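Enquirer: One structure follows; several queries about it will come next.
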Amino acid sequence: MKKRRNTATQTAVLASLQEAESALSHEMIQEKITAKADRTTIYRILNRFCDDGLVHRIVADDGKQYFAICSECEANDHRHDHFHFRCLNCDKVECLDQEVSVNLPTGYRTTNFNGVVSGYCRACNA
Ligand SMILES: [Zn+2]
Ligand SMILES: [Zn+2]
Ligand SMILES: [Zn+2]
């Protein structure tokens with residue numbers, strides 16, 4: 001990974017994602033961090049984290065973007081085999097641990113999977 005200037009905002013954005021139990025939207029991140037940062041700065045930081053393999057972007061079925069920490073990705077090389085779940089009641093977007101296997105035609109190879117399922121989470125369904 002290239003050495004980058006470590007700004008307070010960058011650290012705060014990463015910390016907010018690491019502490020979160022679910023994926024965060026841009027607005028949620030902006031609310032969580034105390035550092036003064038404009039929209040563009042946060043977007044730039046999130047894009048950089050995505051490029052660096054630290055964070056992955058989830059485009060949910062509500063059309064919004066959410067961001068979650070990656071566990072084993074490298075720069076420019078995201079490898080995911082999990083579903084994302086969006087709760088229709090509490091609006092939470094989560095990474096699900098269940099491994100997904102996709103049946104592809106012969107000769108095709110999966111490197112990334114970005115599926116979103118919506119419904120009701122355990123708490124809301126109880
Ligand atoms: Zn990733
Ligand atoms: Zn819920
Ligand atoms: Zn995920």
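By order in the structure tokens, chains are A, B, ...; within a chain, residues start at 1; ligands start at 1, following the order shown.
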Within 10 Å of ligand 3, which residues of chain A show up? Give each one with its shortest atom-to-atom distance in Å (one decimal) and the two atoms involved, counting only C-alpha atoms and all ligand atoms, rows by chain then rising residue number, as JSON lines.
Expert:
```
{"residue": "A:Ser22", "atom": "CA", "partner": "ligand 3", "partner_atom_place_in_ligand_line": "1 (Zn)", "distance": 9.1}
{"residue": "A:Ala23", "atom": "CA", "partner": "ligand 3", "partner_atom_place_in_ligand_line": "1 (Zn)", "distance": 7.6}
{"residue": "A:Val55", "atom": "CA", "partner": "ligand 3", "partner_atom_place_in_ligand_line": "1 (Zn)", "distance": 8.7}
{"residue": "A:His56", "atom": "CA", "partner": "ligand 3", "partner_atom_place_in_ligand_line": "1 (Zn)", "distance": 6.6}
{"residue": "A:Arg57", "atom": "CA", "partner": "ligand 3", "partner_atom_place_in_ligand_line": "1 (Zn)", "distance": 7.8}
{"residue": "A:Ile58", "atom": "CA", "partner": "ligand 3", "partner_atom_place_in_ligand_line": "1 (Zn)", "distance": 7.0}
{"residue": "A:Tyr66", "atom": "CA", "partner": "ligand 3", "partner_atom_place_in_ligand_line": "1 (Zn)", "distance": 9.3}
{"residue": "A:Phe67", "atom": "CA", "partner": "ligand 3", "partner_atom_place_in_ligand_line": "1 (Zn)", "distance": 7.9}
{"residue": "A:Ala68", "atom": "CA", "partner": "ligand 3", "partner_atom_place_in_ligand_line": "1 (Zn)", "distance": 5.8}
{"residue": "A:Ile69", "atom": "CA", "partner": "ligand 3", "partner_atom_place_in_ligand_line": "1 (Zn)", "distance": 7.3}
{"residue": "A:Cys70", "atom": "CA", "partner": "ligand 3", "partner_atom_place_in_ligand_line": "1 (Zn)", "distance": 7.1}
{"residue": "A:Ser71", "atom": "CA", "partner": "ligand 3", "partner_atom_place_in_ligand_line": "1 (Zn)", "distance": 9.3}
{"residue": "A:His80", "atom": "CA", "partner": "ligand 3", "partner_atom_place_in_ligand_line": "1 (Zn)", "distance": 7.3}
{"residue": "A:Asp81", "atom": "CA", "partner": "ligand 3", "partner_atom_place_in_ligand_line": "1 (Zn)", "distance": 8.6}
{"residue": "A:His82", "atom": "CA", "partner": "ligand 3", "partner_atom_place_in_ligand_line": "1 (Zn)", "distance": 6.4}
{"residue": "A:Phe83", "atom": "CA", "partner": "ligand 3", "partner_atom_place_in_ligand_line": "1 (Zn)", "distance": 6.8}
{"residue": "A:His84", "atom": "CA", "partner": "ligand 3", "partner_atom_place_in_ligand_line": "1 (Zn)", "distance": 5.9}
{"residue": "A:Phe85", "atom": "CA", "partner": "ligand 3", "partner_atom_place_in_ligand_line": "1 (Zn)", "distance": 9.0}
{"residue": "A:Val93", "atom": "CA", "partner": "ligand 3", "partner_atom_place_in_ligand_line": "1 (Zn)", "distance": 9.0}
{"residue": "A:Glu94", "atom": "CA", "partner": "ligand 3", "partner_atom_place_in_ligand_line": "1 (Zn)", "distance": 6.8}
{"residue": "A:Cys95", "atom": "CA", "partner": "ligand 3", "partner_atom_place_in_ligand_line": "1 (Zn)", "distance": 4.0}
{"residue": "A:Leu96", "atom": "CA", "partner": "ligand 3", "partner_atom_place_in_ligand_line": "1 (Zn)", "distance": 7.0}
{"residue": "A:Asp97", "atom": "CA", "partner": "ligand 3", "partner_atom_place_in_ligand_line": "1 (Zn)", "distance": 8.6}
{"residue": "A:Phe113", "atom": "CA", "partner": "ligand 3", "partner_atom_place_in_ligand_line": "1 (Zn)", "distance": 9.3}
{"residue": "A:Asn114", "atom": "CA", "partner": "ligand 3", "partner_atom_place_in_ligand_line": "1 (Zn)", "distance": 7.8}
{"residue": "A:Gly115", "atom": "CA", "partner": "ligand 3", "partner_atom_place_in_ligand_line": "1 (Zn)", "distance": 9.1}
{"residue": "A:Val116", "atom": "CA", "partner": "ligand 3", "partner_atom_place_in_ligand_line": "1 (Zn)", "distance": 9.4}
```
Enquirer: Could you pull out the strand (DSSP E or B) residues of chain A from DSSP and send them as number ranges by chain?
Expert: A: 23-25, 55-59, 65-69, 74, 77, 82-87, 93-99, 115-119
Enquirer: Next, the residues of the selection above should be written as a compact mmCIF listing (two decimals), in the first residue's frame with N, CA and C atoms.
Expert:
```txt
# COMPACT_ATOMS: atom_id res chain seq x y z
N ALA A 23 -23.21 -1.99 8.13
CA ALA A 23 -22.64 -1.10 7.12
C ALA A 23 -23.17 0.31 7.33
N LEU A 24 -22.40 1.30 6.94
CA LEU A 24 -22.80 2.69 7.16
C LEU A 24 -22.94 3.42 5.83
N SER A 25 -23.93 4.26 5.77
CA SER A 25 -24.06 5.12 4.60
C SER A 25 -23.18 6.35 4.81
N VAL A 55 -12.21 -1.28 2.69
CA VAL A 55 -13.64 -1.11 2.84
C VAL A 55 -14.31 -1.53 1.53
N HIS A 56 -15.50 -2.10 1.60
CA HIS A 56 -16.23 -2.37 0.37
C HIS A 56 -17.53 -1.60 0.33
N ARG A 57 -17.92 -1.31 -0.90
CA ARG A 57 -19.11 -0.52 -1.15
C ARG A 57 -20.26 -1.46 -1.44
N ILE A 58 -21.38 -1.18 -0.84
CA ILE A 58 -22.58 -1.98 -1.09
C ILE A 58 -23.62 -1.06 -1.70
N VAL A 59 -24.07 -1.37 -2.86
CA VAL A 59 -25.17 -0.59 -3.43
C VAL A 59 -26.43 -1.40 -3.12
N GLN A 65 -25.77 3.89 -1.24
CA GLN A 65 -24.49 3.23 -1.05
C GLN A 65 -24.19 3.11 0.43
N TYR A 66 -23.67 1.94 0.80
CA TYR A 66 -23.26 1.69 2.17
C TYR A 66 -21.82 1.19 2.13
N PHE A 67 -21.12 1.35 3.24
CA PHE A 67 -19.73 0.95 3.29
C PHE A 67 -19.50 0.06 4.51
N ALA A 68 -18.70 -1.00 4.31
CA ALA A 68 -18.38 -1.91 5.40
C ALA A 68 -16.91 -2.31 5.30
N ILE A 69 -16.35 -2.65 6.46
CA ILE A 69 -14.94 -3.06 6.54
C ILE A 69 -14.71 -4.39 5.81
N GLU A 74 -7.19 -7.05 -0.54
CA GLU A 74 -5.96 -6.31 -0.78
C GLU A 74 -6.25 -5.16 -1.74
N ASP A 77 -8.08 -5.39 -5.08
CA ASP A 77 -8.42 -6.81 -5.21
C ASP A 77 -9.42 -7.21 -4.12
N HIS A 82 -20.04 -13.04 0.25
CA HIS A 82 -21.14 -12.96 1.21
C HIS A 82 -22.28 -12.10 0.68
N PHE A 83 -23.45 -12.39 1.19
CA PHE A 83 -24.62 -11.59 0.90
C PHE A 83 -24.66 -10.36 1.79
N HIS A 84 -25.39 -9.36 1.37
CA HIS A 84 -25.71 -8.25 2.24
C HIS A 84 -27.20 -8.27 2.48
N PHE A 85 -27.56 -7.86 3.67
CA PHE A 85 -28.97 -7.91 4.04
C PHE A 85 -29.43 -6.53 4.47
N ARG A 86 -30.50 -6.07 3.88
CA ARG A 86 -31.06 -4.78 4.29
C ARG A 86 -32.41 -5.01 4.95
N CYS A 87 -32.55 -4.52 6.19
CA CYS A 87 -33.81 -4.69 6.91
C CYS A 87 -34.78 -3.58 6.51
N VAL A 93 -28.12 -2.26 7.21
CA VAL A 93 -27.52 -3.07 6.15
C VAL A 93 -26.35 -3.83 6.75
N GLU A 94 -26.38 -5.15 6.65
CA GLU A 94 -25.34 -5.96 7.26
C GLU A 94 -24.64 -6.85 6.26
N CYS A 95 -23.40 -7.24 6.58
CA CYS A 95 -22.70 -8.28 5.83
C CYS A 95 -23.08 -9.60 6.50
N LEU A 96 -23.56 -10.55 5.75
CA LEU A 96 -23.88 -11.85 6.33
C LEU A 96 -22.70 -12.80 6.13
N ASP A 97 -22.44 -13.60 7.18
CA ASP A 97 -21.28 -14.49 7.13
C ASP A 97 -21.45 -15.68 6.20
N GLN A 98 -22.69 -16.06 5.96
CA GLN A 98 -22.94 -17.24 5.14
C GLN A 98 -22.24 -17.12 3.79
N GLU A 99 -21.50 -18.17 3.47
CA GLU A 99 -20.80 -18.18 2.21
C GLU A 99 -21.78 -18.44 1.06
N GLY A 115 -24.24 -9.22 -3.59
CA GLY A 115 -25.68 -9.43 -3.62
C GLY A 115 -26.36 -8.82 -2.41
N VAL A 116 -27.51 -8.23 -2.62
CA VAL A 116 -28.26 -7.65 -1.51
C VAL A 116 -29.63 -8.31 -1.42
N VAL A 117 -29.93 -8.78 -0.23
CA VAL A 117 -31.23 -9.37 0.05
C VAL A 117 -31.92 -8.44 1.02
N SER A 118 -33.20 -8.20 0.83
CA SER A 118 -33.89 -7.38 1.82
C SER A 118 -35.00 -8.18 2.47
N GLY A 119 -35.38 -7.76 3.66
CA GLY A 119 -36.40 -8.48 4.45
C GLY A 119 -36.40 -7.92 5.84
```
Enquirer: Residues at most 7 Å from ligand 2, using only C-alpha atoms and all ligand atoms? Could they come as a compact mmCIF listing (two decimals) with N, CA and C atoms, in the first residue's frame?
Expert:
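Listing of out-v4.txt after writing:
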```
# COMPACT_ATOMS: atom_id res chain seq x y z
N CYS A 87 -32.55 -4.52 6.19
CA CYS A 87 -33.81 -4.69 6.91
C CYS A 87 -34.78 -3.58 6.51
N LEU A 88 -35.97 -3.98 6.13
CA LEU A 88 -36.98 -3.03 5.67
C LEU A 88 -37.58 -2.25 6.82
N ASN A 89 -37.39 -2.75 8.06
CA ASN A 89 -37.97 -2.07 9.21
C ASN A 89 -36.99 -1.10 9.86
N CYS A 90 -35.75 -1.56 10.15
CA CYS A 90 -34.80 -0.68 10.84
C CYS A 90 -33.75 -0.10 9.89
N ASP A 91 -33.83 -0.44 8.61
CA ASP A 91 -32.93 0.12 7.59
C ASP A 91 -31.47 -0.27 7.76
N LYS A 92 -31.21 -1.25 8.62
CA LYS A 92 -29.84 -1.69 8.84
C LYS A 92 -29.36 -2.51 7.65
N TYR A 120 -36.56 -8.80 6.84
CA TYR A 120 -36.58 -8.34 8.22
C TYR A 120 -35.48 -9.02 9.01
N CYS A 121 -34.69 -8.24 9.74
CA CYS A 121 -33.59 -8.78 10.51
C CYS A 121 -34.13 -9.54 11.72
N ARG A 122 -33.24 -10.22 12.43
CA ARG A 122 -33.66 -11.08 13.54
C ARG A 122 -34.44 -10.28 14.59
N ALA A 123 -33.92 -9.10 14.93
CA ALA A 123 -34.57 -8.29 15.96
C ALA A 123 -35.96 -7.83 15.52
N CYS A 124 -36.07 -7.41 14.28
CA CYS A 124 -37.36 -6.89 13.80
C CYS A 124 -38.35 -8.00 13.51
```
Enquirer: Write out as a list of chain:residue names each polymer residue whose atoms come within 12 Å of A:Leu54, counting only C-alpha atoms; drop sequence neighbours fewer than 3 positions from it.
Expert: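 Counting only the stated atoms, we get A:Met1, A:Val13, A:Leu14, A:Ala15, A:Leu17, A:Gln18, A:Ile45, A:Leu46, A:Asn47, A:Arg48, A:Phe49, A:Cys50, A:Asp51, A:Arg57, A:Phe67, A:Ala68, A:Ile69, A:Cys70, A:Ser71, A:Glu72, A:Cys73, A:Glu74, A:Ala75, A:Asn76, A:Asp77, A:His78, A:Arg79.
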Enquirer: Any chance you could export the current selection's N, CA and C atoms as a PDB file, in the first residue's frame?
Expert:
```pdb
ATOM      1  N   MET A   1       0.835  -1.198   0.000  1.00  0.00           N
ATOM      2  CA  MET A   1       0.000   0.000   0.000  1.00  0.00           C
ATOM      3  C   MET A   1       0.871   1.250   0.000  1.00  0.00           C
ATOM      4  N   VAL A  13     -13.019   8.281  10.018  1.00  0.00           N
ATOM      5  CA  VAL A  13     -13.908   7.535   9.121  1.00  0.00           C
ATOM      6  C   VAL A  13     -13.659   6.043   9.272  1.00  0.00           C
ATOM      7  N   LEU A  14     -12.386   5.648   9.298  1.00  0.00           N
ATOM      8  CA  LEU A  14     -12.060   4.230   9.431  1.00  0.00           C
ATOM      9  C   LEU A  14     -12.543   3.691  10.774  1.00  0.00           C
ATOM     10  N   ALA A  15     -12.333   4.476  11.838  1.00  0.00           N
ATOM     11  CA  ALA A  15     -12.761   4.049  13.170  1.00  0.00           C
ATOM     12  C   ALA A  15     -14.278   3.882  13.232  1.00  0.00           C
ATOM     13  N   LEU A  17     -16.258   3.017  10.893  1.00  0.00           N
ATOM     14  CA  LEU A  17     -16.638   1.790  10.195  1.00  0.00           C
ATOM     15  C   LEU A  17     -16.233   0.552  10.992  1.00  0.00           C
ATOM     16  N   GLN A  18     -15.075   0.635  11.650  1.00  0.00           N
ATOM     17  CA  GLN A  18     -14.613  -0.511  12.443  1.00  0.00           C
ATOM     18  C   GLN A  18     -15.499  -0.749  13.646  1.00  0.00           C
ATOM     19  N   ILE A  45     -12.254   9.941   0.775  1.00  0.00           N
ATOM     20  CA  ILE A  45     -11.648   9.001   1.721  1.00  0.00           C
ATOM     21  C   ILE A  45     -12.239   7.602   1.521  1.00  0.00           C
ATOM     22  N   LEU A  46     -13.559   7.527   1.378  1.00  0.00           N
ATOM     23  CA  LEU A  46     -14.214   6.227   1.198  1.00  0.00           C
ATOM     24  C   LEU A  46     -13.772   5.566  -0.102  1.00  0.00           C
ATOM     25  N   ASN A  47     -13.659   6.350  -1.165  1.00  0.00           N
ATOM     26  CA  ASN A  47     -13.191   5.797  -2.439  1.00  0.00           C
ATOM     27  C   ASN A  47     -11.776   5.259  -2.317  1.00  0.00           C
ATOM     28  N   ARG A  48     -10.954   5.979  -1.586  1.00  0.00           N
ATOM     29  CA  ARG A  48      -9.572   5.553  -1.381  1.00  0.00           C
ATOM     30  C   ARG A  48      -9.527   4.254  -0.583  1.00  0.00           C
ATOM     31  N   PHE A  49     -10.340   4.170   0.477  1.00  0.00           N
ATOM     32  CA  PHE A  49     -10.403   2.945   1.273  1.00  0.00           C
ATOM     33  C   PHE A  49     -10.855   1.769   0.420  1.00  0.00           C
ATOM     34  N   CYS A  50     -11.798   2.018  -0.492  1.00  0.00           N
ATOM     35  CA  CYS A  50     -12.264   0.959  -1.393  1.00  0.00           C
ATOM     36  C   CYS A  50     -11.115   0.503  -2.293  1.00  0.00           C
ATOM     37  N   ASP A  51     -10.373   1.453  -2.846  1.00  0.00           N
ATOM     38  CA  ASP A  51      -9.229   1.119  -3.703  1.00  0.00           C
ATOM     39  C   ASP A  51      -8.163   0.349  -2.938  1.00  0.00           C
ATOM     40  N   ARG A  57     -17.924  -1.309  -0.895  1.00  0.00           N
ATOM     41  CA  ARG A  57     -19.106  -0.518  -1.147  1.00  0.00           C
ATOM     42  C   ARG A  57     -20.265  -1.463  -1.443  1.00  0.00           C
ATOM     43  N   PHE A  67     -21.120   1.354   3.244  1.00  0.00           N
ATOM     44  CA  PHE A  67     -19.729   0.946   3.292  1.00  0.00           C
ATOM     45  C   PHE A  67     -19.496   0.057   4.505  1.00  0.00           C
ATOM     46  N   ALA A  68     -18.699  -1.000   4.306  1.00  0.00           N
ATOM     47  CA  ALA A  68     -18.382  -1.908   5.401  1.00  0.00           C
ATOM     48  C   ALA A  68     -16.915  -2.312   5.305  1.00  0.00           C
ATOM     49  N   ILE A  69     -16.348  -2.647   6.456  1.00  0.00           N
ATOM     50  CA  ILE A  69     -14.941  -3.056   6.543  1.00  0.00           C
ATOM     51  C   ILE A  69     -14.715  -4.388   5.813  1.00  0.00           C
ATOM     52  N   CYS A  70     -13.603  -4.509   5.147  1.00  0.00           N
ATOM     53  CA  CYS A  70     -13.200  -5.767   4.507  1.00  0.00           C
ATOM     54  C   CYS A  70     -12.311  -6.528   5.470  1.00  0.00           C
ATOM     55  N   SER A  71     -12.376  -7.843   5.410  1.00  0.00           N
ATOM     56  CA  SER A  71     -11.499  -8.584   6.305  1.00  0.00           C
ATOM     57  C   SER A  71     -10.243  -9.096   5.610  1.00  0.00           C
ATOM     58  N   GLU A  72     -10.360  -9.561   4.384  1.00  0.00           N
ATOM     59  CA  GLU A  72      -9.183 -10.174   3.763  1.00  0.00           C
ATOM     60  C   GLU A  72      -8.906  -9.649   2.366  1.00  0.00           C
ATOM     61  N   CYS A  73      -9.219  -8.401   2.121  1.00  0.00           N
ATOM     62  CA  CYS A  73      -9.010  -7.866   0.777  1.00  0.00           C
ATOM     63  C   CYS A  73      -7.669  -7.142   0.683  1.00  0.00           C
ATOM     64  N   GLU A  74      -7.191  -7.051  -0.542  1.00  0.00           N
ATOM     65  CA  GLU A  74      -5.957  -6.307  -0.782  1.00  0.00           C
ATOM     66  C   GLU A  74      -6.254  -5.159  -1.741  1.00  0.00           C
ATOM     67  N   ALA A  75      -5.280  -4.269  -1.869  1.00  0.00           N
ATOM     68  CA  ALA A  75      -5.463  -3.111  -2.746  1.00  0.00           C
ATOM     69  C   ALA A  75      -5.890  -3.555  -4.139  1.00  0.00           C
ATOM     70  N   ASN A  76      -6.940  -2.930  -4.631  1.00  0.00           N
ATOM     71  CA  ASN A  76      -7.497  -3.222  -5.959  1.00  0.00           C
ATOM     72  C   ASN A  76      -7.874  -4.685  -6.161  1.00  0.00           C
ATOM     73  N   ASP A  77      -8.085  -5.388  -5.083  1.00  0.00           N
ATOM     74  CA  ASP A  77      -8.420  -6.809  -5.214  1.00  0.00           C
ATOM     75  C   ASP A  77      -9.417  -7.209  -4.121  1.00  0.00           C
ATOM     76  N   HIS A  78     -10.667  -6.908  -4.363  1.00  0.00           N
ATOM     77  CA  HIS A  78     -11.708  -7.282  -3.408  1.00  0.00           C
ATOM     78  C   HIS A  78     -12.175  -8.696  -3.690  1.00  0.00           C
ATOM     79  N   ARG A  79     -12.236  -9.495  -2.645  1.00  0.00           N
ATOM     80  CA  ARG A  79     -12.762 -10.849  -2.784  1.00  0.00           C
ATOM     81  C   ARG A  79     -13.852 -11.055  -1.750  1.00  0.00           C
TER      82      ARG A  79
END
```
Enquirer: Please determine, counting only C-alpha atoms and all ligand atoms, which residue among A:Thr7, A:Gln30, A:Asn112, A:Asn125 has the shortest atom-to-atom distance to ligand 1.
Expert: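 The closest residue to ligand 1 is A:Asn112.
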Enquirer: Determine which residues of stretch 19-54 of chain A DSSP labels as helix (DSSP H, G or I) from the backbone of this structure, then write them out as a VMD selection string.
Expert: chain A and resid 19 26 to 32 39 to 51
Enquirer: Given the choices A:Asp52, A:Thr110, A:Asp61, A:Thr11, which gets closest to ligand 1 if the distance is worked out from only C-alpha atoms and all ligand atoms?
Expert: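 Closest residue, counting only C-alpha atoms and all ligand atoms: A:Asp52.
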Enquirer: Nearest to ligand 1: which of A:Asp62, A:Thr111, A:Met28, A:Gly53 is it, counting only C-alpha atoms and all ligand atoms?
Expert: A:Gly53
Enquirer: Expressed in Å to a single decimal, how great is the separation between atom CA of A:Pro105 and atom CA of A:Ala60?
Expert: 25.9 Å
Enquirer: Find the residues around A:Ala12 up to 8 Å (only C-alpha atoms counted), leave out those fewer than 2 positions away in its own chain, and share them as a PyMOL selection string.
Expert: chain A and resi 8-10+14-16+33-35
Enquirer: Those same residues, written as an mmCIF file, in the first residue's frame with N, CA and C atoms?
Expert:
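Below is the file result-v3.cif, written as the result:
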```cif
data_model
loop_
_atom_site.group_PDB
_atom_site.id
_atom_site.type_symbol
_atom_site.label_atom_id
_atom_site.label_comp_id
_atom_site.auth_asym_id
_atom_site.auth_seq_id
_atom_site.Cartn_x
_atom_site.Cartn_y
_atom_site.Cartn_z
ATOM 1 N N ALA A 8 -6.733 13.342 10.305
ATOM 2 C CA ALA A 8 -7.640 13.033 11.410
ATOM 3 C C ALA A 8 -8.976 12.514 10.877
ATOM 4 N N THR A 9 -9.430 13.094 9.792
ATOM 5 C CA THR A 9 -10.713 12.681 9.218
ATOM 6 C C THR A 9 -10.636 11.243 8.735
ATOM 7 N N GLN A 10 -9.530 10.918 8.066
ATOM 8 C CA GLN A 10 -9.342 9.568 7.557
ATOM 9 C C GLN A 10 -9.413 8.544 8.687
ATOM 10 N N LEU A 14 -12.386 5.648 9.298
ATOM 11 C CA LEU A 14 -12.060 4.230 9.431
ATOM 12 C C LEU A 14 -12.543 3.691 10.774
ATOM 13 N N ALA A 15 -12.333 4.476 11.838
ATOM 14 C CA ALA A 15 -12.761 4.049 13.170
ATOM 15 C C ALA A 15 -14.278 3.882 13.232
ATOM 16 N N SER A 16 -15.020 4.786 12.603
ATOM 17 C CA SER A 16 -16.483 4.699 12.646
ATOM 18 C C SER A 16 -16.959 3.416 11.968
ATOM 19 N N ILE A 33 -18.677 10.894 12.888
ATOM 20 C CA ILE A 33 -17.364 11.486 13.129
ATOM 21 C C ILE A 33 -17.510 12.910 13.635
ATOM 22 N N THR A 34 -16.625 13.251 14.554
ATOM 23 C CA THR A 34 -16.715 14.580 15.154
ATOM 24 C C THR A 34 -15.887 15.588 14.354
ATOM 25 N N ALA A 35 -14.898 15.073 13.622
ATOM 26 C CA ALA A 35 -14.056 15.975 12.832
ATOM 27 C C ALA A 35 -14.904 16.699 11.795
#
```
